[in-house]
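Participant: Have a look at this one.
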2 protein chains.
Amino acid sequence: MAYTYQHPHPAVTVDAVVFGFDDADLKLLLIQRKLAPFKGAWALPGGFVRLDENLEAAARRELTDETGITRLYLEQLYTFGEPDRDPRERVISVAYYALVKLSDHALQAASDAENVAWFPVAELPKLGFDHERIVEVALKRLKAKVRYEPIGFELLPVKFTLGELQRLYEAVLEQPLDKRNFRKKILGMELLEALDEYQQDVAHRAAQYYRFNRQRYEQLAKRGFNFEL
Amino acid sequence: MAYTYQHPHPAVTVDAVVFGFDDADLKLLLIQRKLAPFKGAWALPGGFVRLDENLEAAARRELTDETGITRLYLEQLYTFGEPDRDPRERVISVAYYALVKLSDHALQAASDAENVAWFPVAELPKLGFDHERIVEVALKRLKAKVRYEPIGFELLPVKFTLGELQRLYEAVLEQPLDKRNFRKKILGMELLEALDEYQQDVAHRAAQYYRFNRQRYEQLAKRGFNFEL
DNA sequence: GCGCTTAGTGTGTTTCTGACACTTTCTGCT
DNA sequence: AGCAGAAAGTGTCAGAAACACACTAAGCGC
């Protein structure tokens with residue numbers, strides 16, 4: 001079947017930069033390409049947009065198909081459209097970045113016969129297309145956004161300790177934070193609920209679990225409150 | 001001439017939200033459509049991306065063609081791709097926002113037989129397509145960005161007074177600012193050069209002119225300085 | 001020379017930021 | 001039993017930044 005137009009049309013794809021966090025490193029989800037171009041190379045999950053779906057739906061669909069991931073925070077990142085970024089034809093890619101709770105989506109290997117793996121962002125392999133550039137932009141955006149919107153919680157399980165939260169911020173911001181100041185600030189916002197629950201089976205004093213109260217955040221945000229770290 | 005593909009391709013356009021400032025209001029540049037759909041309605045300048053040009057080049061070309069504007073600050077805003085946003089066919093629009101010095105591009109009417117006009121952002125006409133949504137996103141972005149990057153200067157002439165600068169910020173942020181604190185803060189950054197030049201022919205004390213020192217800003221930015229207002 | 005208009009200027013208070021070190025609790029090893 | 005190791009949890013002080021606030025200076029028109 002063929003599709004004909006009076007003017008030339010570029011192809012449009014979505015690509016997703018999917019971040020996860022494993023209590024030490026910020027990680028990125030990549031797939032190994034089965035087809036040319038860049039056959040065998042690692043690349044961002046993504047694919048062509050269908051004519052009847054919007055861009056975000058396309059990103060979600062591709063992620064589910066290629067990696068099995070379903071629940072995630074997804075936000076549009078930037079659109080990459082250099083004429084030569086794909087050797088086959090003119091392809092414009094609308095990139096998204098996503099944050100997932102690694103605990104939810106354990107290390108399921110390949111879902112679709114494709115090779116899928118998490119890489120620490122500090123040790124990424126060479127990527128196909130202009131995907132290294134896309135990752136760079138995504139990291140910059142994540143780093144900026146995590147400071148003024150409470151999106152860090154999307155990378156943690158529902159219940160987490162303040163230590164885990166701090167390590168997450170340190171990994172994303174690539175700088176150490178002072179424990180006392182960090183706790184003072186984050187608890188002072190009154191967005192976290194302390195649970196009557198503590199770590200089990202740890203070889204040191206057990207930390208208390210907390211939960212992010214999104215409802216409360218949204219109420220405060222309406223009244224002009226700004227998350228800031 | 002016809003173009004044929006094996007898979008359906010959407011059309012891709014660029015649209016630009018062009019802001020200007022006239023010493024009182026933030027303004028937006030619109031064109032009146034000559035053709036269906038939305039014939040006669042006001043809309044954002046924009047058009048189809050050619051296959052051999054990148055997205056930003058397409059935005060610049062359309063702006064020059066439709067409005068005659070050449071020198072401007074241009075940055076990608078967001079990509080809009082709801083399946084039904086254009087009644088003709090599936091059209092994905094990569095939106096840009098631009099800041100221009102109104103003084104440079106005086107009220108040249110129509111350059112291309114098209115009707116072009118500046119509207120105060122508070123008094124926009126109904127717009128075609130989903131362009132009202134695009135403007136909304138652009139305003140939000142401008143409001144956020146103007147606080148932590150020195151882009152406000154793009155809306156002013158090279159030489160400006162501190163009063164003009166303050167009025168610009170007040171217009172963009174939609175809130176009054178304290179004159180003494182504003183001056184203290186902006187001068188404290190040492191990004192403005194005071195010129196030996198004063199207003200002429202004003203019916204009150206003449207204000208001194210200043211100039212934004214971009215070089216200095218870039219040097220400081222490299223060393224970790226953050227503009228913030 | 002008086003009235004109108006905008007430019008230009010400093011201080012004190014409060015709030016926020018950032019540096020900094022010890023005690024508590026739990027496990028595992030001897 | 002007790003000691004070593006590891007991370008949790010906790011408060012204060014000093015300097016910096018934010019914010020509120022009101023008068024004098026200069027130029028023009030009448």
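Quick note on naming: the chains in the structure tokens go A, B, ... in the order shown, residues restart at 1 in each chain, and ligands are numbered from 1 in order of appearance.
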Using only C-alpha atoms (C1' of nucleotides) and a cut-off of 7 Å, which residues of chain B sit close to chain C? Please list them as a PyMOL selection string.
Facilitator: chain B and resi 203-207
Participant: What does the file look like for those residues with C-alpha atoms, as a CSV table (one decimal), in the first residue's frame?
Facilitator:
```csv
chain,number,residue,atom,x,y,z
B,203,ALA,CA,9.0,66.1,30.4
B,204,HIS,CA,10.8,65.0,33.5
B,205,ARG,CA,14.2,64.1,34.8
B,206,ALA,CA,16.1,62.3,32.1
B,207,ALA,CA,17.1,58.7,32.8
```
Participant: As a list of chain:residue names, could you give me every residue of chain D near chain A (at most 9 Å apart, counting only C-alpha atoms (C1' of nucleotides))?
Facilitator: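 Within 9 Å of chain A on chain D, we get D:DG5, D:DA6, D:DA7, D:DA8, D:DG9, D:DT10.
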Participant: Could you pull out the residues in chain A that DSSP calls alpha helix (DSSP H) from the backbone, as number ranges by chain?
Facilitator: A: 55-67, 131-148, 162-173, 179-188, 214-222
Participant: Hey, list the chain B side of the contact with chain A: 7 Å cut-off, only C-alpha atoms, answer as a ChimeraX atom specification.
Facilitator: /B:1-11,51-55,78-79,81-83,90
Participant: Convert the current residue selection to file output with N, CA and C atoms, as a short mmCIF file (atom, residue, chain, number, x, y, z; two decimals), in the first residue's frame.
Facilitator:
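Output file out_24.cif is given in full below:
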```
data_model
loop_
_atom_site.label_atom_id
_atom_site.label_comp_id
_atom_site.auth_asym_id
_atom_site.auth_seq_id
_atom_site.Cartn_x
_atom_site.Cartn_y
_atom_site.Cartn_z
N MET B 1 3.29 17.40 -9.34
CA MET B 1 4.28 16.45 -8.84
C MET B 1 3.75 15.79 -7.56
N ALA B 2 4.01 14.51 -7.42
CA ALA B 2 3.47 13.78 -6.26
C ALA B 2 4.59 13.07 -5.53
N TYR B 3 4.38 12.86 -4.26
CA TYR B 3 5.38 12.22 -3.41
C TYR B 3 4.72 11.01 -2.76
N THR B 4 5.36 9.88 -2.89
CA THR B 4 4.74 8.64 -2.45
C THR B 4 5.61 7.93 -1.41
N TYR B 5 4.95 7.41 -0.40
CA TYR B 5 5.65 6.72 0.69
C TYR B 5 4.96 5.40 0.98
N GLN B 6 5.70 4.49 1.58
CA GLN B 6 5.10 3.19 1.91
C GLN B 6 4.24 3.26 3.17
N HIS B 7 4.54 4.21 4.02
CA HIS B 7 3.73 4.38 5.23
C HIS B 7 3.17 5.79 5.22
N PRO B 8 2.05 5.99 5.90
CA PRO B 8 1.48 7.34 5.91
C PRO B 8 2.40 8.30 6.67
N HIS B 9 2.53 9.51 6.18
CA HIS B 9 3.36 10.52 6.83
C HIS B 9 2.49 11.72 7.17
N PRO B 10 2.68 12.28 8.35
CA PRO B 10 1.98 13.52 8.66
C PRO B 10 2.67 14.69 7.96
N ALA B 11 1.96 15.79 7.83
CA ALA B 11 2.63 17.02 7.41
C ALA B 11 3.27 17.65 8.64
N LEU B 51 12.03 19.77 3.11
CA LEU B 51 12.77 18.56 3.47
C LEU B 51 14.27 18.80 3.65
N ASP B 52 14.76 19.91 3.13
CA ASP B 52 16.21 20.11 3.21
C ASP B 52 16.61 21.17 4.23
N GLU B 53 15.69 21.59 5.07
CA GLU B 53 16.05 22.63 6.04
C GLU B 53 15.72 22.12 7.44
N ASN B 54 16.49 22.56 8.41
CA ASN B 54 16.15 22.12 9.76
C ASN B 54 15.01 22.97 10.32
N LEU B 55 14.55 22.61 11.50
CA LEU B 55 13.30 23.21 11.99
C LEU B 55 13.46 24.69 12.27
N TYR B 78 7.52 23.90 21.86
CA TYR B 78 6.81 22.66 22.14
C TYR B 78 6.27 22.17 20.80
N THR B 79 5.99 20.88 20.73
CA THR B 79 5.45 20.34 19.49
C THR B 79 4.03 19.87 19.72
N GLY B 81 0.68 18.03 18.39
CA GLY B 81 0.38 17.00 17.41
C GLY B 81 -0.92 16.27 17.60
N GLU B 82 -1.94 16.94 18.13
CA GLU B 82 -3.24 16.26 18.22
C GLU B 82 -3.69 15.91 16.80
N PRO B 83 -4.25 14.73 16.63
CA PRO B 83 -4.60 14.28 15.28
C PRO B 83 -5.55 15.21 14.55
N ARG B 90 -3.44 15.34 8.81
CA ARG B 90 -2.68 15.28 10.05
C ARG B 90 -1.50 16.23 9.94
#
```
Participant: May I have the residues within 7 Å of B:Pro120 as a list of chain:residue names, using only C-alpha atoms (C1' of nucleotides) and disregarding those fewer than 3 positions away in the same chain?
Facilitator: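 The contact residues come out as B:Asp25, B:Leu26, B:Lys27, B:Leu28, B:Glu123, B:Leu124.
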Participant: Just to confirm, what's the straight-line distance from atom CA of B:Phe225 to atom CA of B:Lys185 in Å (one decimal)?
Facilitator: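 Atom CA of B:Lys185 lies at a distance of 14.1 Å from atom CA of B:Phe225.
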Participant: Tell me, which residues of chain A carry DSSP strand (DSSP E or B), written as a ChimeraX atom specification?
Facilitator: /A:3-5,11-21,26-32,42-43,46-48,73-80,91-99,115-120,127,159-161,192-198,208-212
Participant: One number please: atom CA of B:Phe212 to atom CA of B:Glu190, in Å, one decimal.
Facilitator: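 That distance, rounded to one decimal, is 9.4 Å.
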Participant: State, in Å with one decimal place, the distance from atom CA of A:Tyr209 to atom CA of A:Phe21.
Facilitator: 17.4 Å
Participant: Residues at most 7 Å from A:Glu149, counting only C-alpha atoms (C1' of nucleotides), excluding those fewer than 4 positions away in the same chain, as a list of chain:residue names?
Facilitator: A:Lys145, A:Phe227, A:Glu228
Participant: Using only C-alpha atoms, please write the residues we just selected to a file, as a compact mmCIF listing (two decimals), in the first residue's frame.
Facilitator:
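Ended up saving to out07.txt:
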```txt
# COMPACT_ATOMS: atom_id res chain seq x y z
CA LYS A 145 13.35 20.29 36.55
CA PHE A 227 8.59 23.31 45.28
CA GLU A 228 12.25 24.14 45.43
```
